[in-house]
$ cat upload_21.cif   # mmCIF, C-alpha atoms and all ligand atoms
data_final
loop_
_atom_site.label_atom_id
_atom_site.label_comp_id
_atom_site.auth_asym_id
_atom_site.auth_seq_id
_atom_site.Cartn_x
_atom_site.Cartn_y
_atom_site.Cartn_z
CA MET S 1 1.22 27.59 -43.57
CA ILE S 2 -1.65 28.78 -45.79
CA THR S 3 -4.05 31.45 -44.49
CA VAL S 4 -7.51 31.94 -45.99
CA PRO S 5 -9.51 35.00 -44.86
CA VAL S 6 -13.26 34.48 -44.38
CA LYS S 7 -15.25 37.66 -45.09
CA THR S 8 -18.31 37.30 -42.86
CA SER S 9 -19.81 40.16 -40.79
CA ALA S 10 -17.01 39.54 -38.28
CA PRO S 11 -14.12 38.38 -40.50
CA TYR S 12 -11.65 35.70 -39.40
CA ASP S 13 -8.73 33.67 -40.70
CA VAL S 14 -8.39 29.96 -41.40
CA HIS S 15 -4.83 28.70 -41.02
CA ILE S 16 -4.02 25.42 -42.79
CA GLY S 17 -0.76 23.49 -42.54
CA SER S 18 1.22 20.46 -41.40
CA GLY S 19 2.26 20.36 -37.74
CA ILE S 20 0.58 23.65 -36.76
CA LEU S 21 -1.21 22.16 -33.73
CA GLN S 22 2.00 22.80 -31.78
CA LYS S 23 1.65 26.48 -32.68
CA ALA S 24 -2.00 26.83 -31.61
CA GLY S 25 -1.19 29.15 -28.68
CA GLU S 26 1.08 31.31 -30.82
CA LEU S 27 -1.59 31.60 -33.54
CA ILE S 28 -4.35 32.46 -31.04
CA ARG S 29 -2.25 35.06 -29.17
CA PRO S 30 -2.73 37.96 -31.66
CA VAL S 31 -6.48 37.27 -31.90
CA LEU S 32 -7.81 36.57 -28.38
CA ARG S 33 -7.10 37.37 -24.74
CA GLY S 34 -8.23 35.77 -21.49
CA ARG S 35 -8.45 32.13 -20.40
CA ALA S 36 -9.07 29.23 -22.74
CA ALA S 37 -11.70 26.52 -22.14
CA LEU S 38 -10.72 23.58 -24.34
CA ILE S 39 -13.67 21.34 -25.28
CA THR S 40 -12.94 18.03 -26.98
CA ASP S 41 -14.05 14.41 -27.19
CA SER S 42 -12.38 11.46 -25.49
CA THR S 43 -10.70 10.09 -28.66
CA VAL S 44 -9.28 13.41 -29.80
CA ASP S 45 -8.25 14.34 -26.27
CA SER S 46 -6.06 11.25 -25.97
CA LEU S 47 -4.49 11.87 -29.40
CA TYR S 48 -4.04 15.66 -29.48
CA GLY S 49 -5.24 17.23 -26.22
CA ASP S 50 -1.81 17.45 -24.61
CA ILE S 51 -0.20 19.02 -27.69
CA VAL S 52 -2.75 21.84 -27.64
CA ARG S 53 -2.59 22.30 -23.84
CA GLN S 54 1.21 22.49 -23.99
CA SER S 55 1.08 25.01 -26.81
CA LEU S 56 -1.41 27.18 -24.89
CA ALA S 57 0.78 27.06 -21.78
CA ASP S 58 3.86 27.97 -23.83
CA SER S 59 2.05 31.07 -25.08
CA GLY S 60 1.01 32.05 -21.55
CA PHE S 61 -2.64 31.00 -21.72
CA ASP S 62 -4.31 29.66 -18.60
CA ALA S 63 -6.56 26.77 -19.79
CA VAL S 64 -9.22 24.40 -18.45
CA SER S 65 -10.42 21.28 -20.33
CA TYR S 66 -13.78 19.54 -20.69
CA VAL S 67 -13.81 16.10 -22.32
CA PHE S 68 -17.02 14.38 -23.48
CA PRO S 69 -17.40 10.83 -24.86
CA ALA S 70 -16.74 10.62 -28.64
CA GLY S 71 -19.63 10.05 -31.05
CA GLU S 72 -22.60 11.77 -32.70
CA GLU S 73 -24.92 10.37 -29.98
CA HIS S 74 -23.21 12.77 -27.54
CA LYS S 75 -24.01 15.86 -29.62
CA ASN S 76 -27.08 16.37 -27.47
CA LEU S 77 -28.73 18.73 -25.00
CA SER S 78 -27.44 16.99 -21.88
CA GLU S 79 -23.79 17.12 -23.02
CA TYR S 80 -24.34 20.75 -24.08
CA ALA S 81 -25.72 21.51 -20.60
CA GLY S 82 -22.68 19.74 -19.12
CA ILE S 83 -20.40 22.12 -21.04
CA LEU S 84 -22.34 25.20 -19.86
CA SER S 85 -22.21 24.07 -16.22
CA PHE S 86 -18.48 23.39 -16.54
CA LEU S 87 -17.92 26.91 -17.90
CA ALA S 88 -19.94 28.47 -15.07
CA GLU S 89 -18.22 26.37 -12.38
CA ASN S 90 -14.85 27.46 -13.75
CA ALA S 91 -15.94 31.12 -13.79
CA VAL S 92 -15.33 31.48 -17.52
CA THR S 93 -16.24 35.08 -18.45
CA ARG S 94 -16.94 37.05 -21.61
CA GLY S 95 -13.29 38.03 -21.65
CA ASP S 96 -12.36 34.37 -22.12
CA PHE S 97 -12.87 32.01 -25.07
CA LEU S 98 -13.66 28.41 -25.96
CA ILE S 99 -11.64 26.08 -28.19
CA ALA S 100 -13.43 23.33 -30.14
CA LEU S 101 -10.83 20.61 -30.71
CA GLY S 102 -12.00 17.66 -32.81
CA GLY S 103 -14.43 16.76 -35.57
CA GLY S 104 -17.76 18.30 -36.48
CA VAL S 105 -19.38 17.06 -33.29
CA SER S 106 -16.93 19.01 -31.08
CA GLY S 107 -17.15 22.01 -33.41
CA ASP S 108 -20.95 22.15 -33.61
CA MET S 109 -21.58 21.58 -29.90
CA THR S 110 -18.78 23.85 -28.63
CA GLY S 111 -19.85 26.50 -31.13
CA PHE S 112 -23.41 26.34 -29.81
CA ALA S 113 -22.14 26.61 -26.22
CA ALA S 114 -20.03 29.64 -27.29
CA ALA S 115 -23.05 31.19 -29.06
CA THR S 116 -25.24 30.94 -25.97
CA TYR S 117 -23.07 30.98 -22.81
CA LEU S 118 -23.31 34.52 -21.36
CA ARG S 119 -25.23 35.40 -24.58
CA GLY S 120 -22.16 34.65 -26.65
CA ILE S 121 -18.39 34.43 -26.15
CA PRO S 122 -15.63 33.96 -28.76
CA PHE S 123 -14.42 30.54 -29.86
CA VAL S 124 -11.66 28.96 -31.92
CA GLN S 125 -12.16 25.94 -34.15
CA ILE S 126 -9.36 23.37 -34.32
CA PRO S 127 -10.79 20.74 -36.71
CA THR S 128 -9.12 17.31 -36.63
CA THR S 129 -11.26 15.51 -39.24
CA PHE S 130 -11.12 16.18 -42.96
CA LEU S 131 -14.90 16.76 -42.90
CA ALA S 132 -14.64 19.35 -40.14
CA ALA S 133 -11.76 21.10 -41.92
CA ALA S 134 -13.41 21.07 -45.35
CA ASP S 135 -16.91 21.87 -44.21
CA ALA S 136 -18.09 22.08 -40.58
CA SER S 137 -15.49 24.43 -39.08
CA VAL S 138 -16.15 27.25 -41.56
CA GLY S 139 -19.47 29.01 -41.81
CA GLY S 140 -20.72 29.58 -38.29
CA LYS S 141 -23.49 26.98 -38.16
CA THR S 142 -23.55 25.49 -34.67
CA ALA S 143 -25.99 22.93 -33.29
CA VAL S 144 -26.90 19.92 -31.21
CA ASP S 145 -29.26 17.07 -32.12
CA LEU S 146 -32.66 16.23 -30.65
CA ALA S 147 -34.17 12.73 -30.53
CA ALA S 148 -36.47 13.98 -33.34
CA GLY S 149 -33.58 14.77 -35.70
CA LYS S 150 -30.09 16.12 -36.30
CA ASN S 151 -29.11 19.77 -35.77
CA LEU S 152 -32.60 20.84 -34.69
CA VAL S 153 -31.32 23.31 -32.06
CA GLY S 154 -28.58 25.74 -32.94
CA ALA S 155 -27.39 29.23 -33.76
CA PHE S 156 -25.22 31.12 -36.21
CA HIS S 157 -21.96 32.02 -34.47
CA GLN S 158 -18.75 32.53 -36.43
CA PRO S 159 -15.45 31.43 -34.88
CA SER S 160 -12.71 34.02 -34.24
CA LEU S 161 -10.06 31.77 -35.78
CA VAL S 162 -9.74 28.32 -37.38
CA ILE S 163 -6.53 26.29 -37.09
CA CYS S 164 -6.38 23.21 -39.27
CA ASP S 165 -3.40 20.89 -38.85
CA THR S 166 -3.75 18.39 -41.70
CA ASP S 167 -1.26 16.01 -40.01
CA THR S 168 -4.13 15.07 -37.68
CA PHE S 169 -5.89 13.36 -40.62
CA SER S 170 -3.27 10.59 -40.50
CA THR S 171 -5.14 8.95 -37.59
CA LEU S 172 -8.59 9.02 -39.27
CA THR S 173 -10.31 5.83 -40.41
CA PRO S 174 -10.66 5.46 -44.21
CA ALA S 175 -14.43 6.02 -43.82
CA ALA S 176 -13.88 9.28 -41.93
CA PHE S 177 -11.42 10.43 -44.60
CA ALA S 178 -13.95 9.55 -47.32
CA ASP S 179 -16.56 11.78 -45.61
CA GLY S 180 -14.28 14.78 -46.18
CA MET S 181 -13.46 13.73 -49.73
CA THR S 182 -17.14 13.57 -50.70
CA GLU S 183 -17.72 17.17 -49.55
CA THR S 184 -14.53 18.17 -51.39
CA ILE S 185 -15.74 16.61 -54.66
CA LYS S 186 -19.10 18.33 -54.04
CA HIS S 187 -17.33 21.71 -53.82
CA GLY S 188 -15.77 21.17 -57.25
CA LEU S 189 -19.06 19.99 -58.72
CA ILE S 190 -21.14 22.96 -57.55
CA CYS S 191 -18.80 25.78 -58.55
CA ASP S 192 -15.31 24.89 -59.74
CA ARG S 193 -14.86 22.59 -62.72
CA ALA S 194 -11.03 22.87 -62.67
CA PHE S 195 -10.98 21.70 -59.03
CA PHE S 196 -13.26 18.76 -59.87
CA ASP S 197 -11.02 17.82 -62.83
CA PHE S 198 -7.95 18.00 -60.57
CA LEU S 199 -9.58 15.64 -58.06
CA ALA S 200 -10.94 13.29 -60.73
CA SER S 201 -7.76 12.96 -62.77
CA GLY S 202 -5.47 11.40 -60.17
CA ASP S 203 -5.18 10.40 -56.53
CA ARG S 204 -4.63 13.78 -54.86
CA ARG S 205 -4.45 12.66 -51.23
CA GLY S 206 -0.79 13.74 -51.09
CA GLU S 207 -1.83 17.33 -51.78
CA ILE S 208 -4.08 17.68 -48.77
CA ASN S 209 -3.07 21.21 -47.74
CA GLU S 210 -3.96 22.57 -51.18
CA ILE S 211 -7.21 20.60 -51.16
CA VAL S 212 -8.29 22.00 -47.79
CA ARG S 213 -7.33 25.51 -48.93
CA LYS S 214 -9.64 25.14 -51.92
CA ASP S 215 -12.42 23.66 -49.72
CA VAL S 216 -12.22 26.60 -47.34
CA GLU S 217 -12.11 29.16 -50.19
CA ILE S 218 -15.19 27.63 -51.81
CA LYS S 219 -17.19 27.12 -48.63
CA SER S 220 -16.35 30.60 -47.35
CA SER S 221 -17.34 32.23 -50.64
CA PHE S 222 -20.84 30.77 -50.29
CA VAL S 223 -20.96 31.70 -46.60
CA ALA S 224 -19.78 35.29 -47.19
CA ALA S 225 -22.44 35.73 -49.89
CA ASP S 226 -25.23 34.33 -47.70
CA GLU S 227 -24.16 34.20 -44.05
CA PHE S 228 -27.60 33.27 -42.70
CA ASP S 229 -28.51 30.62 -45.27
CA ARG S 230 -31.36 32.34 -47.09
CA GLY S 231 -30.36 31.65 -50.69
CA ARG S 232 -27.04 30.93 -52.38
CA ARG S 233 -25.69 28.86 -49.50
CA GLN S 234 -28.26 26.17 -50.27
CA MET S 235 -26.08 25.09 -53.24
CA LEU S 236 -23.86 23.46 -50.60
CA ASN S 237 -26.77 21.08 -50.02
CA PHE S 238 -26.13 19.35 -53.36
CA GLY S 239 -26.57 15.62 -52.68
CA HIS S 240 -27.82 16.27 -49.15
CA THR S 241 -31.62 16.05 -49.47
CA ILE S 242 -31.43 12.57 -50.98
CA GLY S 243 -28.34 11.81 -48.86
CA HIS S 244 -30.21 12.65 -45.69
CA ALA S 245 -33.03 10.31 -46.72
CA VAL S 246 -30.41 7.57 -47.23
CA GLU S 247 -28.95 8.21 -43.77
CA VAL S 248 -32.39 8.09 -42.13
CA ASN S 249 -33.38 4.92 -44.01
CA SER S 250 -30.17 3.18 -42.98
CA GLU S 251 -30.68 4.31 -39.37
CA PHE S 252 -27.39 6.15 -39.84
CA SER S 253 -25.39 3.00 -40.60
CA VAL S 254 -24.49 4.49 -44.01
CA SER S 255 -21.83 7.18 -43.36
CA HIS S 256 -22.59 10.82 -44.18
CA GLY S 257 -20.02 10.86 -46.98
CA ARG S 258 -21.37 7.77 -48.69
CA ALA S 259 -24.95 9.00 -48.28
CA VAL S 260 -24.08 12.34 -49.91
CA ALA S 261 -22.19 10.50 -52.67
CA ILE S 262 -25.34 8.46 -53.36
CA GLY S 263 -27.41 11.66 -53.23
CA MET S 264 -25.18 13.55 -55.68
CA CYS S 265 -25.23 10.73 -58.25
CA ALA S 266 -28.99 10.26 -57.88
CA ALA S 267 -29.70 14.01 -58.21
CA ALA S 268 -27.46 14.26 -61.31
CA LYS S 269 -28.99 11.22 -62.98
CA ALA S 270 -32.57 12.28 -62.25
CA ALA S 271 -31.88 15.86 -63.40
CA HIS S 272 -30.87 14.43 -66.78
CA ALA S 273 -33.97 12.23 -66.94
CA PHE S 274 -36.16 15.25 -66.08
CA GLY S 275 -34.59 17.38 -68.81
CA LEU S 276 -32.84 19.81 -66.41
CA CYS S 277 -29.38 18.85 -67.62
CA GLY S 278 -28.20 17.87 -71.10
CA GLU S 279 -26.04 14.92 -70.05
CA ASP S 280 -26.00 12.27 -67.37
CA LEU S 281 -23.37 13.72 -65.04
CA SER S 282 -23.72 10.83 -62.59
CA VAL S 283 -21.19 8.97 -64.78
CA PRO S 284 -18.16 11.27 -64.21
CA ILE S 285 -19.24 11.90 -60.59
CA ARG S 286 -19.37 8.17 -59.84
CA GLU S 287 -15.96 7.71 -61.45
CA ALA S 288 -14.37 10.49 -59.39
CA LEU S 289 -15.87 9.11 -56.16
CA SER S 290 -14.68 5.59 -56.89
CA ARG S 291 -11.11 6.88 -57.31
CA TYR S 292 -11.25 7.56 -53.56
CA GLY S 293 -12.97 4.27 -52.72
CA ILE S 294 -16.42 5.84 -52.26
CA ASP S 295 -19.30 3.60 -53.33
CA SER S 296 -22.24 5.61 -54.69
CA ALA S 297 -24.71 2.80 -55.57
CA CYS S 298 -28.08 3.38 -53.92
CA PRO S 299 -29.22 0.46 -51.73
CA PHE S 300 -32.79 1.75 -51.14
CA SER S 301 -36.02 1.92 -53.13
CA ALA S 302 -37.44 5.23 -54.36
CA ALA S 303 -40.57 4.67 -52.26
CA SER S 304 -38.68 4.34 -48.98
CA LEU S 305 -36.44 7.33 -49.78
CA THR S 306 -39.48 9.47 -50.66
CA GLU S 307 -41.02 8.86 -47.28
CA ALA S 308 -37.80 9.79 -45.49
CA ALA S 309 -37.19 12.90 -47.67
CA LEU S 310 -40.64 14.26 -46.95
CA ARG S 311 -39.86 14.34 -43.25
CA ASP S 312 -36.80 16.54 -43.93
CA LYS S 313 -36.89 20.06 -42.43
CA LYS S 314 -35.74 21.53 -45.78
CA ARG S 315 -39.15 20.88 -47.27
CA PHE S 316 -41.28 23.97 -47.93
CA GLY S 317 -45.02 23.46 -48.59
CA GLU S 318 -45.88 21.69 -51.81
CA THR S 319 -42.39 21.76 -53.32
CA ILE S 320 -39.03 20.42 -52.23
CA ASN S 321 -35.87 22.27 -53.26
CA ILE S 322 -33.56 19.92 -55.14
CA ILE S 323 -30.06 21.13 -55.94
CA TYR S 324 -28.82 19.76 -59.26
CA LEU S 325 -25.98 20.46 -61.69
CA LYS S 326 -26.55 22.33 -64.95
CA THR S 327 -23.04 21.26 -65.82
CA ILE S 328 -19.93 20.31 -63.83
CA GLY S 329 -19.02 23.44 -61.88
CA GLU S 330 -22.50 25.00 -61.90
CA ALA S 331 -25.31 24.14 -59.51
CA ALA S 332 -28.91 25.33 -59.59
CA VAL S 333 -32.10 24.88 -57.56
CA HIS S 334 -35.17 23.11 -58.85
CA PRO S 335 -38.36 23.47 -56.80
CA LEU S 336 -39.71 19.97 -57.38
CA PRO S 337 -43.43 19.46 -56.75
CA VAL S 338 -43.72 16.95 -53.90
CA ARG S 339 -45.98 14.73 -56.02
CA GLN S 340 -43.08 14.25 -58.50
CA LEU S 341 -40.54 13.31 -55.85
CA GLU S 342 -40.97 9.57 -56.06
CA ALA S 343 -40.63 9.61 -59.87
CA PHE S 344 -37.51 11.81 -59.53
CA LEU S 345 -35.98 9.38 -57.06
CA ARG S 346 -36.90 6.41 -59.23
CA ALA S 347 -35.11 8.06 -62.17
CA GLY S 348 -32.09 8.77 -59.96
CA CYS S 349 -31.79 5.56 -57.98
CA GLU S 350 -33.53 2.71 -59.74
CA SER S 351 -32.92 2.95 -63.47
N1 LIG S 401 -21.66 23.14 -38.90
C1 LIG S 401 -21.62 22.72 -40.14
O1 LIG S 401 -21.67 23.50 -41.09
C2 LIG S 401 -21.47 21.25 -40.39
C3 LIG S 401 -21.18 20.80 -41.68
C4 LIG S 401 -20.99 19.44 -41.87
C5 LIG S 401 -21.13 18.55 -40.81
N2 LIG S 401 -21.44 19.03 -39.58
C6 LIG S 401 -21.57 18.11 -38.43
O2 LIG S 401 -20.32 17.47 -38.23
C7 LIG S 401 -20.54 16.20 -37.61
C8 LIG S 401 -19.72 15.16 -38.34
O3 LIG S 401 -18.36 15.54 -38.29
P1 LIG S 401 -17.22 14.48 -38.05
O4 LIG S 401 -17.33 13.37 -39.03
O5 LIG S 401 -15.95 15.23 -37.94
O6 LIG S 401 -17.70 13.84 -36.66
P2 LIG S 401 -17.00 13.56 -35.24
O7 LIG S 401 -16.64 14.83 -34.60
O8 LIG S 401 -17.92 12.67 -34.51
O9 LIG S 401 -15.68 12.77 -35.63
C9 LIG S 401 -15.79 11.45 -36.13
C10 LIG S 401 -15.00 10.48 -35.24
O10 LIG S 401 -13.61 10.66 -35.47
C11 LIG S 401 -12.91 10.87 -34.24
N3 LIG S 401 -11.80 11.75 -34.55
C12 LIG S 401 -11.81 13.09 -34.74
N4 LIG S 401 -10.61 13.49 -35.15
C13 LIG S 401 -9.82 12.41 -35.22
C14 LIG S 401 -8.48 12.20 -35.63
N5 LIG S 401 -7.71 13.19 -36.08
N6 LIG S 401 -8.00 10.92 -35.56
C15 LIG S 401 -8.77 9.89 -35.16
N7 LIG S 401 -10.05 10.03 -34.79
C16 LIG S 401 -10.56 11.28 -34.84
C17 LIG S 401 -13.94 11.42 -33.30
O11 LIG S 401 -13.60 11.15 -31.97
C18 LIG S 401 -15.20 10.67 -33.74
O12 LIG S 401 -15.25 9.41 -33.13
C19 LIG S 401 -22.03 15.94 -37.68
O13 LIG S 401 -22.58 16.13 -36.39
C20 LIG S 401 -22.55 17.00 -38.64
O14 LIG S 401 -23.87 17.38 -38.35
C21 LIG S 401 -21.60 20.35 -39.35
ZN ZN S 402 -22.42 17.15 -45.64
#
$ encode --input "upload_21.cif" --output "structure tokens"
Amino acid sequence: MITVPVKTSAPYDVHIGSGILQKAGELIRPVLRGRAALITDSTVDSLYGDIVRQSLADSGFDAVSYVFPAGEEHKNLSEYAGILSFLAENAVTRGDFLIALGGGVSGDMTGFAAATYLRGIPFVQIPTTFLAAADASVGGKTAVDLAAGKNLVGAFHQPSLVICDTDTFSTLTPAAFADGMTETIKHGLICDRAFFDFLASGDRRGEINEIVRKDVEIKSSFVAADEFDRGRRQMLNFGHTIGHAVEVNSEFSVSHGRAVAIGMCAAAKAAHAFGLCGEDLSVPIREALSRYGIDSACPFSAASLTEAALRDKKRFGETINIIYLKTIGEAAVHPLPVRQLEAFLRAGCES
């Protein structure tokens, strides 16, 4: 088992390994007391719920479970309210804790319930998707969606512990696996050239524990430097402003990973065209993505993406912050005047 410490205001550990779900209770025991309220979705519950419940029982934890239907459309206020009512009905107190078992949807919604129930109680993240392990479970951003957009209601609330059993990735669809791989390649691109080269120079899927370790080290270094997302953490948004516009335009039929892949290539290509970067880095990025079966060709026009990007909450006044690469392993922010956005997108997506 690998353990990565995360140095936020309240520090915590991320344990990574094969087959560690069975040890969840044992790993939680030194960190938390009280009863456990396990929150998970229907798919993950049927695959892994019993393993975690058994492990908690073996370590002497009394546990209750709440299961919601799987899918992003259930990361909403009514499901969140359902969790809160369940906690109250089961007399969960501040001496108890929640467990988010599942992908980013379980993690974000359970984390938000933990941040707000009784003004905040502890929670444990047990990510079961590569994306949740590499990205969502570390950093303390919790949220639910509104009809008006994703993640519009939320809070910062760090977990007390993260337990990532990479064996759970064996039941993911290839598209779900690709979502995690895109964020992993992004981590190399924004700050670690050696990690990018490692991913680009061979199929590294067999080295998943080492990959997740590196993901968590990179993500947590940005989080520790900027816990409340006021500066450096925005580098993690590389590929996401354009990617989000792609997701919106496709009515979310393009997966998050593919949308970010498109966004990273477009931002790199346009940065070269705009003189921000000496070479067209979209070429090596596209090659690395295709090694993992991720298609990064943009199916939308610059005009339609511009309209979607301008509705993004990350827009400030007359400029929009675009994250680009100065070189592989070094990201920077460019405050792009809004009037240049369409030309930037045309350079990134259409030429
Ligand atoms: N908080 C953050 O910093 C952060 C960062 C990135 C993404 N997110 C959020 O994460 C969410 C996306 O995460 P996700 O892709 O994990 O979504 P998800 O939780 O919906 O999981 C995707 C699907 O895979 C299923 N699943 C989960 N684990 C499985 C397993 N081991 N085997 C088989 N099926 C499994 C789920 O039931 C679901 O149907 C989005 O809501 C996004 O906003 C949050
Ligand atoms: Zn992302």
$ atom_distance --input "upload_21.cif" --atom1 "atom C19 of ligand LIG 401 (chain S)" --atom2 "atom CA of S:Asp197"
27.5 Å
$ closest_residue --input "upload_21.cif" --among "S:Ile242, S:Ala288, S:Val338, S:Ala136" --to "S:Asp203" --atoms "all atoms listed in the file"
S:Ala288
$ residues_near_ligand --input "upload_21.cif" --ligand "ligand ZN 402 (chain S)" --cutoff "7 Å" --atoms "only C-alpha atoms and all ligand atoms" --output "PDB file with C-alpha atoms, in the frame of the given file"
ATOM      1  CA  GLU S 183     -17.720  17.170 -49.550  1.00  0.00           C
ATOM      2  CA  HIS S 240     -27.820  16.270 -49.150  1.00  0.00           C
ATOM      3  CA  HIS S 256     -22.590  10.820 -44.180  1.00  0.00           C
ATOM      4  CA  GLY S 257     -20.020  10.860 -46.980  1.00  0.00           C
ATOM      5  CA  VAL S 260     -24.080  12.340 -49.910  1.00  0.00           C
TER       6      VAL S 260
END
$ axis_aligned_box --input "upload_21.cif" --around "ligand LIG 401 (chain S)" --padding-each-side "8 Å" --output "JSON"
{"center_x": -15.8, "center_y": 16.5, "center_z": -36.9, "size_x": 32.2, "size_y": 30.1, "size_z": 25.9}
$ residues_near_ligand --input "upload_21.cif" --ligand "ligand LIG 401 (chain S)" --cutoff "6 Å" --atoms "all atoms listed in the file" --output "NGL selection string"
:S and (41 or 43-44 or 70-72 or 102-106 or 108 or 128-129 or 131-132 or 135-136 or 139 or 141-142 or 168-169 or 171-172)
$ closest_residue --input "upload_21.cif" --among "S:Cys164, S:Val216, S:Ala133, S:Met181" --to "S:Leu199" --atoms "all atoms listed in the file"
S:Met181
$ residues_around --input "upload_21.cif" --residues "S:Gly239" --least-positions-apart "6" --cutoff "12 Å" --atoms "only C-alpha atoms" --output "VMD selection string"
chain S and resid 182 to 183 185 to 187 189 to 190 245 to 247 256 to 271 282 285 296 321 to 325 331 333 348
